[in-house]
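**Q** Contents of run24.txt (compact mmCIF, C-alpha atoms) are below:
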```txt
# COMPACT_ATOMS: atom_id res chain seq x y z
CA MET N 40 -0.97 14.67 3.23
CA ASN N 41 -2.74 15.87 6.36
CA ASN N 42 -6.03 14.01 6.55
CA ILE N 43 -5.47 12.53 10.00
CA THR N 44 -7.06 14.98 12.41
CA GLU N 45 -5.57 16.24 15.66
CA ILE N 46 -8.36 14.33 17.42
CA THR N 47 -7.27 11.03 15.92
CA LYS N 48 -3.60 11.72 16.59
CA ARG N 49 -4.38 12.52 20.20
CA ASP N 50 -6.43 9.33 20.57
CA ILE N 51 -3.54 7.27 19.21
CA ILE N 52 -1.01 9.01 21.45
CA ASP N 53 -3.28 8.56 24.49
CA LEU N 54 -3.52 4.86 23.70
CA PHE N 55 0.27 4.52 23.96
CA LYS N 56 0.56 6.83 26.95
CA LYS N 57 -2.45 5.77 29.00
CA GLY N 58 -3.39 2.34 27.67
CA TYR N 59 -6.98 1.16 27.70
CA VAL N 60 -9.29 -0.78 30.02
CA GLU N 61 -10.08 -4.37 29.09
CA SER N 62 -13.15 -5.82 30.79
CA THR N 63 -13.43 -9.55 31.49
CA TRP N 64 -15.45 -11.73 33.85
CA LEU N 65 -12.58 -11.32 36.33
CA GLY N 66 -12.95 -7.54 36.28
CA ASP N 67 -11.32 -4.56 34.59
CA THR N 68 -7.63 -4.59 33.65
CA LYS N 69 -5.53 -1.67 32.42
CA VAL N 70 -3.69 -2.74 29.26
CA PHE N 71 -0.52 -1.14 27.87
CA TYR N 72 1.69 -1.80 24.86
CA PRO N 73 5.01 0.03 24.34
CA TYR N 74 5.52 1.41 20.84
CA GLU N 75 9.12 0.16 20.72
CA GLY N 76 7.98 -3.44 21.33
CA ARG N 77 10.88 -5.75 22.13
CA LEU N 78 13.51 -3.19 21.08
CA THR N 79 15.03 -0.34 23.04
CA GLU N 80 13.74 3.12 22.13
CA ILE N 81 16.96 3.97 20.32
CA GLU N 82 16.96 0.68 18.37
CA PHE N 83 13.41 1.34 17.26
CA LEU N 84 13.83 5.02 16.39
CA GLU N 85 17.05 4.41 14.45
CA LYS N 86 15.00 2.41 11.97
CA LEU N 87 12.91 5.48 11.15
CA TYR N 88 15.02 8.54 11.90
CA PRO N 89 18.71 9.49 11.29
CA LEU N 90 19.33 10.02 15.02
CA ASP N 91 23.08 10.39 14.54
CA LYS N 92 22.46 13.37 12.23
CA MET N 93 19.70 15.04 14.26
CA THR N 94 20.71 17.83 16.63
CA PRO N 95 20.00 17.52 20.37
CA LYS N 96 17.03 19.53 21.56
CA TYR N 97 17.39 19.69 25.33
CA ASP N 98 21.02 18.89 26.15
CA SER N 99 23.72 20.88 24.34
CA ARG N 100 26.42 18.65 25.86
CA CYS N 101 25.35 15.86 23.49
CA GLN N 102 26.62 15.57 19.93
CA ASN N 103 23.37 14.35 18.36
CA ALA N 104 19.88 13.06 19.12
CA ALA N 105 21.07 9.46 19.57
CA GLU N 106 23.50 10.48 22.32
CA GLU N 107 20.89 12.74 23.94
CA ILE N 108 18.21 10.04 23.99
CA GLY N 109 20.64 7.45 25.34
CA HIS N 110 21.85 9.77 28.10
CA HIS N 111 18.36 10.68 29.32
CA THR N 112 16.51 7.37 28.85
CA VAL N 113 19.26 4.78 29.52
CA VAL N 114 22.10 6.32 31.55
CA ASN N 115 19.67 8.46 33.54
CA ALA N 116 16.57 6.41 32.91
CA ASN N 117 14.13 8.62 34.82
CA ASP N 118 15.11 11.97 33.29
CA TRP N 119 12.37 11.93 30.69
CA GLU N 120 8.80 10.76 30.97
CA SER N 121 7.89 7.54 29.24
CA ASP N 122 6.57 8.06 25.70
CA TRP N 123 8.34 11.41 25.56
CA ILE N 124 8.69 11.00 21.80
CA PHE N 125 5.07 11.95 21.13
CA ASP N 126 5.69 15.44 22.54
CA ASP N 127 9.03 15.95 20.76
CA ASP N 128 8.34 17.88 17.55
CA ARG N 129 11.55 16.57 15.93
CA PHE N 130 9.74 13.28 15.30
CA GLY N 131 6.58 14.78 13.80
CA LEU N 132 4.07 12.45 15.42
CA GLN N 133 1.73 15.22 16.57
CA LYS N 134 2.26 17.99 14.04
CA GLY N 135 3.94 16.19 11.15
CA SER N 136 2.46 14.78 7.95
CA ASP N 137 0.25 11.71 7.83
CA ILE N 138 3.10 9.79 6.19
CA VAL N 139 5.35 10.21 9.25
CA LEU N 140 2.73 8.86 11.64
CA LEU N 141 1.63 6.03 9.33
CA ASN N 142 5.21 4.84 8.76
CA PHE N 143 5.75 4.98 12.51
CA LEU N 144 2.70 2.78 13.10
CA CYS N 145 3.80 0.26 10.46
CA ALA N 146 7.12 -0.01 12.30
CA VAL N 147 5.33 -0.51 15.63
CA PHE N 148 3.57 -3.58 14.25
CA HIS N 149 6.48 -4.98 12.23
CA PRO N 150 7.35 -8.55 13.33
CA GLU N 151 11.01 -7.61 13.83
CA ASN N 152 9.94 -5.03 16.42
CA ARG N 153 6.68 -6.08 18.05
CA MET N 154 6.29 -8.22 21.16
CA GLU N 155 4.32 -11.25 20.02
CA ASP N 156 3.19 -11.99 23.58
CA GLY N 157 2.08 -8.40 24.15
CA TYR N 158 -1.16 -6.62 23.27
CA TRP N 159 0.05 -5.52 19.84
CA ASN N 160 -2.90 -7.09 18.00
CA GLU N 161 -5.43 -5.32 20.20
CA TYR N 162 -3.61 -2.02 19.65
CA PHE N 163 -3.46 -2.74 15.92
CA LYS N 164 -7.25 -3.15 15.70
CA LYS N 165 -7.96 -0.04 17.77
CA ILE N 166 -5.52 2.14 15.81
CA ASN N 167 -6.78 0.83 12.47
CA ALA N 168 -10.33 1.76 13.49
CA LEU N 169 -9.16 5.27 14.39
CA ILE N 170 -7.29 6.01 11.16
CA TYR N 171 -10.02 4.41 9.03
CA VAL N 172 -12.33 7.31 9.82
CA ASP N 173 -9.71 9.70 8.43
CA GLY N 174 -9.21 7.72 5.23
CA TYR N 175 -6.40 5.21 5.86
CA GLU N 176 -5.90 1.60 6.85
CA LEU N 177 -3.04 -0.69 7.77
CA TYR N 178 -3.06 -3.96 5.83
CA GLU N 179 -1.01 -7.13 5.57
CA SER N 180 1.38 -6.69 2.66
CA GLU N 181 3.52 -9.81 3.10
CA LYS N 182 4.78 -12.32 5.63
CA ILE N 183 8.21 -12.76 7.18
CA SER N 184 8.84 -16.08 8.95
CA GLY N 185 5.10 -16.65 8.85
CA ARG N 186 4.31 -13.35 10.57
CA ALA N 187 2.37 -10.48 9.00
CA VAL N 188 4.13 -7.33 7.81
CA TYR N 189 1.91 -4.27 7.54
CA GLU N 190 1.88 -1.29 5.21
CA TRP N 191 -0.61 1.57 4.94
CA ARG N 192 -2.86 2.61 2.12
CA LYS N 193 -5.30 5.39 1.43
CA LEU N 194 -8.99 4.58 1.30
CA THR N 195 -11.10 5.67 -1.64
CA PRO N 196 -13.82 8.30 -1.11
CA GLU N 197 -16.40 5.54 -1.68
CA GLU N 198 -14.96 3.49 1.19
CA ILE N 199 -14.83 6.46 3.52
CA ALA N 200 -18.46 7.35 2.77
CA SER N 201 -19.59 3.75 3.22
CA GLY N 202 -17.62 3.07 6.38
CA ARG N 203 -17.29 -0.62 5.50
CA PHE N 204 -15.57 -3.00 3.12
CA LEU N 205 -16.49 -2.42 -0.52
CA PRO N 206 -15.50 -4.83 -3.32
CA PHE N 207 -13.17 -3.59 -6.05
CA SER N 208 -15.70 -2.30 -8.60
CA LEU N 209 -17.55 -0.21 -6.00
CA ARG N 210 -14.43 0.88 -4.14
CA HIS N 211 -12.94 2.26 -7.37
CA LYS N 212 -16.20 3.19 -9.08
CA ASN N 213 -15.24 6.72 -10.06
CA GLU N 214 -11.62 5.86 -10.85
CA LEU N 215 -12.78 3.14 -13.24
CA LYS N 216 -15.33 5.47 -14.80
CA ASP N 217 -12.71 8.20 -15.36
CA ARG N 218 -10.11 5.62 -16.48
CA ILE N 219 -7.70 6.60 -13.73
CA ILE N 220 -7.58 2.86 -13.14
CA THR N 221 -7.45 0.48 -16.09
CA ILE N 222 -7.43 -3.30 -15.81
CA PRO N 223 -5.76 -5.52 -18.40
CA THR N 224 -7.87 -8.22 -20.00
CA ILE N 225 -8.10 -11.41 -17.96
CA PRO N 226 -7.79 -14.31 -20.45
CA GLN N 227 -10.38 -17.09 -20.39
CA ASN N 228 -7.83 -19.71 -19.35
CA ILE N 229 -6.90 -17.63 -16.30
CA ARG N 230 -10.59 -17.28 -15.39
CA THR N 231 -10.92 -21.06 -15.63
CA GLU N 232 -7.88 -21.52 -13.37
CA LEU N 233 -9.45 -19.06 -10.94
CA LEU N 234 -12.58 -21.20 -10.76
CA ASN N 235 -10.36 -24.20 -10.10
CA LEU N 236 -8.81 -22.29 -7.18
CA PHE N 237 -12.27 -21.57 -5.80
CA ASN N 238 -13.06 -25.29 -6.01
CA LYS N 239 -9.76 -26.21 -4.35
CA TYR N 240 -10.32 -23.92 -1.39
CA ASP N 241 -14.09 -24.35 -1.13
CA ASP N 242 -15.09 -24.93 2.47
CA THR N 243 -18.21 -25.09 4.58
CA LEU N 244 -19.18 -21.84 6.31
CA TYR N 245 -21.48 -21.69 9.33
CA ARG N 246 -23.82 -18.72 9.45
CA THR N 247 -26.89 -17.33 11.18
CA ASP N 248 -29.80 -15.79 9.30
CA ASP N 249 -32.03 -12.85 10.27
CA THR N 250 -34.28 -15.16 12.33
CA ASN N 251 -31.28 -16.46 14.34
CA CYS N 252 -31.44 -19.85 12.64
CA ASN N 253 -28.10 -21.50 11.93
CA TYR N 254 -27.29 -22.77 8.44
CA THR N 255 -24.32 -23.83 6.33
CA ILE N 256 -23.15 -22.61 2.93
CA SER N 257 -20.07 -23.37 0.87
CA ALA N 258 -17.48 -20.60 0.54
CA LYS N 259 -17.91 -20.79 -3.22
CA ASP N 260 -21.71 -20.37 -3.06
CA ALA N 261 -21.26 -17.57 -0.56
CA ILE N 262 -19.57 -15.42 -3.24
CA ILE N 263 -22.81 -14.74 -5.09
CA ALA N 264 -24.84 -14.57 -1.86
CA ASP N 265 -22.48 -12.00 -0.30
CA MET N 266 -22.23 -10.05 -3.53
CA GLU N 267 -25.99 -9.44 -3.38
CA GLU N 268 -25.32 -7.19 -0.37
CA TYR N 269 -23.70 -4.75 -2.82
CA TYR N 270 -25.37 -5.28 -6.20
CA THR N 271 -27.31 -7.78 -8.29
CA PRO N 272 -24.79 -10.20 -9.87
CA LYS N 273 -24.94 -10.07 -13.67
CA ALA N 274 -22.97 -11.48 -16.60
CA TYR N 275 -22.88 -11.36 -20.39
CA LEU N 276 -24.87 -14.54 -20.84
CA PRO N 277 -24.69 -16.72 -23.93
CA PRO N 278 -25.92 -17.13 -26.59
CA ASN N 279 -26.65 -13.44 -27.29
CA GLY N 280 -24.27 -11.91 -24.71
CA LYS N 281 -27.01 -9.92 -22.98
CA TYR N 282 -25.96 -8.49 -19.61
CA SER N 283 -28.40 -10.33 -17.35
CA GLU N 284 -28.84 -11.41 -13.76
CA THR N 285 -27.20 -14.70 -12.81
CA SER N 286 -26.63 -16.85 -9.75
CA ASP N 287 -24.17 -19.12 -11.57
CA LEU N 288 -20.64 -18.37 -10.36
CA ASN N 289 -19.06 -20.04 -13.40
CA LEU N 290 -20.96 -17.76 -15.78
CA PHE N 291 -20.25 -14.75 -13.58
CA ILE N 292 -16.49 -15.37 -13.73
CA ILE N 293 -16.18 -16.45 -17.38
CA HIS N 294 -18.50 -13.85 -18.95
CA ASN N 295 -17.93 -10.66 -17.00
CA ARG N 296 -15.93 -7.47 -16.69
CA GLN N 297 -12.51 -7.66 -15.06
CA ALA N 298 -13.59 -5.47 -12.13
CA CYS N 299 -16.44 -7.86 -11.29
CA VAL N 300 -14.03 -10.81 -11.37
CA PHE N 301 -11.91 -8.90 -8.85
CA ASP N 302 -15.05 -8.46 -6.70
CA ALA N 303 -15.56 -12.23 -6.59
CA ILE N 304 -11.91 -12.82 -5.64
CA GLU N 305 -12.03 -10.34 -2.76
CA ILE N 306 -15.29 -11.72 -1.40
CA PHE N 307 -13.99 -15.31 -1.52
CA ALA N 308 -10.68 -14.28 0.08
CA ARG N 309 -12.50 -13.08 3.21
CA ASN N 310 -13.10 -16.75 4.11
CA ALA N 311 -10.02 -18.30 2.49
CA PRO N 312 -6.64 -19.36 3.98
CA ASP N 313 -3.32 -17.66 3.27
CA SER N 314 -2.42 -20.38 0.78
CA PHE N 315 -5.28 -19.23 -1.47
CA VAL N 316 -3.80 -15.73 -1.54
CA SER N 317 -0.34 -17.08 -2.39
CA GLU N 318 -1.65 -19.26 -5.22
CA LEU N 319 -3.82 -16.49 -6.63
CA ASN N 320 -0.94 -14.01 -6.71
CA LEU N 321 1.27 -16.62 -8.37
CA LEU N 322 -1.46 -17.20 -10.97
CA PHE N 323 -1.60 -13.46 -11.68
CA ARG N 324 2.16 -13.12 -11.93
CA ASN N 325 2.47 -16.07 -14.31
CA ALA N 326 -0.29 -14.56 -16.45
CA GLY N 327 1.53 -11.20 -16.59
CA LEU N 328 -1.20 -9.36 -14.66
CA SER N 329 0.15 -6.43 -12.68
CA HIS N 330 -2.16 -6.93 -9.71
CA GLN N 331 -1.95 -8.73 -6.37
CA LEU N 332 -4.35 -9.56 -3.59
CA LEU N 333 -2.97 -7.70 -0.57
CA GLY N 334 -4.77 -7.47 2.74
CA GLY N 335 -8.03 -8.67 1.20
CA LYS N 336 -7.98 -6.16 -1.67
CA ILE N 337 -6.76 -6.30 -5.26
CA GLU N 338 -3.97 -3.75 -5.68
CA ILE N 339 -1.48 -2.77 -8.37
CA ALA N 340 1.50 -5.03 -7.70
CA GLN N 341 4.89 -3.74 -6.62
CA LEU N 342 6.94 -4.75 -9.64
CA ASN N 343 9.96 -7.02 -9.37
CA PHE N 344 12.37 -5.25 -11.67
CA GLN N 345 14.83 -8.15 -11.71
CA THR N 346 12.45 -10.18 -13.85
CA GLU N 347 13.56 -11.28 -17.29
CA VAL N 348 10.08 -10.71 -18.69
CA ILE N 349 10.02 -7.92 -21.29
CA ILE N 350 7.54 -5.23 -20.30
CA ARG N 351 5.05 -4.18 -22.94
CA GLU N 352 4.75 -0.53 -23.97
CA VAL N 353 1.02 -0.52 -23.19
CA GLY N 354 1.81 -0.94 -19.47
CA LEU N 355 4.11 2.06 -19.56
CA LYS N 356 1.54 4.21 -21.30
CA GLU N 357 -1.14 3.21 -18.82
CA LEU N 358 1.06 4.14 -15.85
CA ARG N 359 2.04 7.41 -17.53
CA ASP N 360 -1.59 8.29 -18.27
CA GLN N 361 -2.76 7.34 -14.78
CA SER N 362 -0.06 9.47 -13.20
CA LEU N 363 -0.97 12.45 -15.39
CA THR N 364 -4.66 12.20 -14.44
CA LEU N 365 -3.76 12.12 -10.75
CA TYR N 366 -1.31 15.00 -11.17
CA LYS N 367 -4.07 17.19 -12.62
CA SER N 368 -6.20 16.62 -9.52
CA ASN N 369 -6.73 19.47 -7.08
CA ASN N 370 -6.09 17.09 -4.19
CA ALA N 371 -2.54 17.54 -2.89
CA SER N 372 -2.28 13.90 -1.81
CA ASP N 373 -3.09 12.79 -5.37
CA LYS N 374 0.07 14.54 -6.57
CA GLN N 375 2.13 12.36 -4.25
CA ILE N 376 0.44 9.26 -5.67
CA ALA N 377 1.01 10.61 -9.19
CA VAL N 378 4.75 10.89 -8.57
CA GLU N 379 4.81 7.36 -7.14
CA LYS N 380 3.02 5.94 -10.18
CA LEU N 381 5.27 7.87 -12.54
CA TRP N 382 8.39 6.51 -10.85
CA ASP N 383 6.92 3.01 -11.23
CA ALA N 384 6.67 3.77 -14.95
CA PHE N 385 10.27 5.04 -14.95
CA GLU N 386 11.52 1.84 -13.29
CA ARG N 387 9.46 -0.29 -15.66
CA LEU N 388 10.88 1.70 -18.57
CA LYS N 389 14.42 0.77 -17.54
CA THR N 390 13.66 -2.95 -18.05
CA TYR N 391 11.86 -2.49 -21.38
CA TYR N 392 14.46 -4.57 -23.24
CA GLY N 393 15.02 -7.14 -20.49
CA GLY N 394 15.95 -7.62 -16.85
CA ASN N 395 19.48 -6.21 -17.15
CA LYS N 396 18.80 -2.55 -16.48
CA LYS N 397 22.13 -1.21 -17.71
CA THR N 398 21.89 -2.99 -21.06
CA SER N 399 18.21 -2.09 -21.46
CA VAL N 400 18.73 1.60 -20.62
CA ASN N 401 21.67 1.84 -23.04
CA GLU N 402 19.48 0.48 -25.82
CA ILE N 403 16.67 2.90 -24.95
CA ILE N 404 19.01 5.90 -24.90
CA SER N 405 20.61 4.84 -28.19
CA LYS N 406 17.20 4.91 -29.86
CA MET N 407 16.36 8.26 -28.29
CA ALA N 408 19.71 9.83 -29.27
CA ASN N 409 19.55 8.76 -32.95
CA GLY N 410 23.31 8.20 -33.04
CA ASP N 411 24.19 11.64 -31.65
CA ASP N 412 26.80 11.29 -28.87
CA ASP N 413 25.93 14.66 -27.32
CA TYR N 414 22.28 13.67 -26.87
CA PHE N 415 23.28 10.20 -25.69
CA ASN N 416 25.36 11.76 -22.91
CA LEU N 417 22.62 14.25 -22.07
CA LEU N 418 19.90 11.57 -21.81
CA ASN N 419 22.18 9.13 -19.99
CA ASP N 420 22.91 11.83 -17.42
CA GLU N 421 19.18 12.45 -16.98
CA PHE N 422 18.47 8.73 -16.45
CA ASN N 423 21.20 8.64 -13.80
CA LYS N 424 19.97 11.78 -12.03
CA LEU N 425 16.37 10.55 -11.88
CA THR N 426 17.58 7.19 -10.58
CA THR N 427 19.51 9.02 -7.85
CA ILE N 428 16.38 10.97 -6.90
CA GLY N 429 14.39 7.73 -6.68
CA ASN N 430 17.08 6.13 -4.53
CA ASN N 431 17.51 9.03 -2.12
CA TYR N 432 14.05 10.56 -1.70
CA ARG N 433 10.87 8.96 -0.37
CA ILE N 434 9.09 8.78 -3.69
CA ARG N 435 7.18 5.68 -2.56
CA HIS N 436 5.41 6.09 0.76
CA HIS N 437 6.29 2.59 2.00
CA GLU N 438 10.05 3.15 1.72
CA LYS N 439 12.00 3.93 4.87
CA GLY N 440 15.30 5.65 5.61
CA LYS N 441 15.00 8.16 2.77
CA ILE N 442 14.75 11.95 2.56
CA GLU N 443 11.21 13.14 3.28
CA ILE N 444 9.46 15.29 0.66
CA ALA N 445 8.28 17.91 3.10
CA ASP N 446 7.04 20.55 0.64
CA THR N 447 4.23 19.58 -1.75
CA ASN N 448 5.74 21.90 -4.36
CA TYR N 449 8.61 19.44 -4.68
CA TYR N 450 6.17 16.84 -6.02
CA THR N 451 5.48 19.20 -8.94
CA TYR N 452 9.19 19.43 -9.68
CA PHE N 453 9.76 15.67 -9.44
CA PHE N 454 6.71 14.89 -11.55
CA GLN N 455 7.45 17.31 -14.38
CA ARG N 456 11.09 16.28 -14.61
CA CYS N 457 10.38 12.54 -14.66
CA PHE N 458 7.33 12.86 -16.92
CA ALA N 459 9.36 14.70 -19.56
CA LEU N 460 11.87 11.84 -19.82
CA VAL N 461 9.33 9.00 -19.73
CA ASP N 462 7.09 10.70 -22.30
CA LEU N 463 10.05 11.36 -24.59
CA ALA N 464 11.27 7.75 -24.33
CA LEU N 465 7.87 6.34 -25.27
CA LYS N 466 8.06 8.15 -28.60
CA TYR N 467 11.11 6.05 -29.59
CA LEU N 468 10.23 2.60 -28.23
CA LYS N 469 8.92 -0.11 -30.56
```
How would this structure read if it were set down as C-alpha cells?

**A**
Amino acid sequence: MNNITEITKRDIIDLFKKGYVESTWLGDTKVFYPYEGRLTEIEFLEKLYPLDKMTPKYDSRCQNAAEEIGHHTVVNANDWESDWIFDDDRFGLQKGSDIVLLNFLCAVFHPENRMEDGYWNEYFKKINALIYVDGYELYESEKISGRAVYEWRKLTPEEIASGRFLPFSLRHKNELKDRIITIPTIPQNIRTELLNLFNKYDDTLYRTDDTNCNYTISAKDAIIADMEEYYTPKAYLPPNGKYSETSDLNLFIIHNRQACVFDAIEIFARNAPDSFVSELNLLFRNAGLSHQLLGGKIEIAQLNFQTEVIIREVGLKELRDQSLTLYKSNNASDKQIAVEKLWDAFERLKTYYGGNKKTSVNEIISKMANGDDDYFNLLNDEFNKLTTIGNNYRIRHHEKGKIEIADTNYYTYFFQRCFALVDLALKYLK
C-alpha cells in the first residue's frame, strides 16, 4: 500500500527533525518531540525491527545494525545526526510501504514508549491531520493502565471525499450496497438495552447556534439533531411499517436498519465518556455481535479465539464472501485486507466446535477426511502450515515483529491457499 505521498512523508519527517512553532501570548516557542519518547533509540527500534539480524550499513567493523547504532549514537554520541533513522533506507520510513510508516507512528504514540509530559499529543494531532488527507487515521483501539493505545485504519473513499467524520451508513455506503459489509440482525432486546445506555449516559451539552446564541441540549436529543447534518432521520413506523421521517429516537432505534442504529451510536459516542464505550462493547459481545466501537467508529471486532462460544457457520461464510469480494478488487490494498479477513475466517473456523482449538480442528478434519487416514494427514498438515504462515508473517497489519509481506504477489498466494482450505471445510460443517 503506497497511498501516503512523498509530500506527506516529508512533512512528517520534518516535524520530527525540525519541530514546529507554537504561538502563545508570551511569544513564539519552538516545540520538539523525539520519536523514541522515553526510550533510547535502540530500545524503541528493537520493538519494530530485528536489529540483531540486520546488517550494518556504514561500519563494517560491527556485527549487526544494533551494534552499529549503539556504537555511533551511544558510545560516540555525536557521530550521526539526530533523527538519522529517517534517512536510512533500511528502516523504510521515506521509501517504504505505508504499513511500515504507520506501524512506526503507532509505536511512537504507544503509552509504553511516549513521554507523557512531552508534546506527543500535539504531534499526534498534527500527524493524524497529515495522513488523513492520504486516506488513513490513527485511532484509539484500547487502553493500557488508563492510557490510550493507538492503531491505524484505512479511510473509506466516502470519508476521503468528504474530509470529515461520516457516520457508519454513509462511511460504508458503497460497501453496504455491494454487500462487502454485512451486519447481523440486532435483536429488539439489544436495541432496548442500547436506549437504556443512552438514558444512563445522557448529559447536558452546551452549544452555540448560527446567531451566536448559547443554548443547551441533552446528549440523547442531540443524536437526531446532529444526524440531520447528514440525512433526514427515518424509521419503519408502526402500524403499517412505512419508512417515514421521525424525530423520536426510540422509534429510530427500535424500527430501523442496523446501519442506522450504528449511526446513532457513533454520534452519541462523540459526547460520551469512556465508560459508555466499554458498556456498549460488552453489550455487543454478550449479544454475539462481531462489532466494537473503536475510536468513535463501529468496526468489525478482533475476535477472542479463546472463547467457549461456538461460532456459527453463517459468520464464516460472511467473512469468506467478504474476503473474496475484496480479493477481486483492482485495488492492491484491498487484496491485503482480503487476506486479513480470510485469516480471520480461518481462525474462526478453528474454534467452530468450541474454544479448544486442537479438539475443534481434529473434529473438523475428521469430517473433511471421511475416515480416510491419508486425507486426514494431508488436511492436518495444511492446517498446521497455514497456522505457521499466520504466526510468522504480518497477515494482520496491526501485528508487530513478524515478516513483512513486501511483494503484493505474495498476497495472491496466501489468499488462494487459505481460501481453498476454508472453502473446502465449509462444505463439511453442519

**Q** CA of Thr247 in chain N to CA of Glu61 in chain N: how many Å, to one decimal?

**A**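 These atoms are spaced 27.8 Å apart.
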
**Q** Using only C-alpha atoms, which residues sit within 10 Å of Ser317 in chain N once same-chain residues fewer than 2 positions away are excluded, as a PyMOL selection string?

**A** chain N and resi 181+312-315+319-322+331-333

**Q** Could you dump the residues just selected with C-alpha atoms as a tab-separated table (two decimals), in the coordinates of the input?

**A**
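And here is the file that came out, again_22.tsv:
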```tsv
chain	number	residue	atom	x	y	z
N	181	GLU	CA	3.52	-9.81	3.10
N	312	PRO	CA	-6.64	-19.36	3.98
N	313	ASP	CA	-3.32	-17.66	3.27
N	314	SER	CA	-2.42	-20.38	0.78
N	315	PHE	CA	-5.28	-19.23	-1.47
N	319	LEU	CA	-3.82	-16.49	-6.63
N	320	ASN	CA	-0.94	-14.01	-6.71
N	321	LEU	CA	1.27	-16.62	-8.37
N	322	LEU	CA	-1.46	-17.20	-10.97
N	331	GLN	CA	-1.95	-8.73	-6.37
N	332	LEU	CA	-4.35	-9.56	-3.59
N	333	LEU	CA	-2.97	-7.70	-0.57
```

**Q** In Å, with one decimal, what is the gap from CA of Tyr171 in chain N to CA of Ser201 in chain N?

**A**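 Between CA of Tyr171 in chain N and CA of Ser201 in chain N the gap is 11.2 Å.
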
**Q** Nearest to Tyr59 in chain N: which of N:Asn103, N:Tyr158, N:Lys239, N:Ile292 is it, counting only C-alpha atoms?

**A** N:Tyr158

**Q** When you draw a straight line from CA of Tyr178 in chain N to CA of Thr451 in chain N, how long is it in Å?

**A** 28.8 Å

**Q** Using all atoms listed in the file for the distances, tell me which of N:Glu75, N:Pro95, N:Lys374, N:Cys101 is nearest to Trp159 in chain N.

**A**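 Of N:Glu75, N:Pro95, N:Lys374, N:Cys101, the one nearest Trp159 in chain N is N:Glu75, counting all atoms listed in the file.
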
**Q** So, counting only C-alpha atoms, which residue among N:Ile43, N:Cys457, N:Ala264, N:Ile404 is closest to Gly429 in chain N?

**A**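 Among the listed residues, the smallest separation from Gly429 in chain N belongs to N:Cys457.
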
**Q** Rank nothing, just name the residue among N:Thr79, N:Asn295, N:Thr390, N:Ser362 nearest to Asn152 in chain N, using only C-alpha atoms.

**A** N:Thr79

**Q** Neighbouring residues of Cys145 in chain N were defined as those with any atom within 10 Å, considering all atoms listed in the file; residues of the same chain fewer than 3 positions away were excluded. Please report them as a VMD selection string.

**A** chain N and resid 140 to 142 148 to 150 163 177 to 178 188 to 191 437

**Q** Looking at only C-alpha atoms, which of N:Leu90, N:Gly66, N:Lys165, N:Lys216 is the one that sits closest to Asp50 in chain N?

**A**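 Among the listed residues, the smallest separation from Asp50 in chain N belongs to N:Lys165.
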
**Q** What's around Gly135 in chain N at 10 Å? Count only C-alpha atoms, leave out sequence neighbours fewer than 5 positions away in its own chain, and write the answer as a list in words.

**A**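 Contacts, in chain order: Met40, Asn41, Asp128, Arg129, Phe130, Leu140 and Ala445 of chain N.
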
**Q** Return the single residue from N:Phe301, N:Tyr270, N:Tyr467, N:Phe237 that is closest to His211 in chain N, with distances computed using all atoms listed in the file.

**A**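 Of N:Phe301, N:Tyr270, N:Tyr467, N:Phe237, the one nearest His211 in chain N, counting all atoms listed in the file, is N:Phe301.
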
**Q** Considering all atoms listed in the file, return as a PyMOL selection string whatever protein or nucleic-acid residues lie within 10 Å of Glu197 in chain N, sequence-local ones (same chain, fewer than 3 positions apart) excluded.

**A** chain N and resi 194+200-205+209-213

**Q** Tell me, as JSON, numbers by chain, which residues lie within 12 Å of Asn235 in chain N, counting only C-alpha atoms; anything in the same chain fewer than 3 positions away does not count.

**A** {"N": [228, 229, 230, 231, 232, 238, 239, 240, 241, 259, 288, 289, 292, 315, 318, 319, 322]}
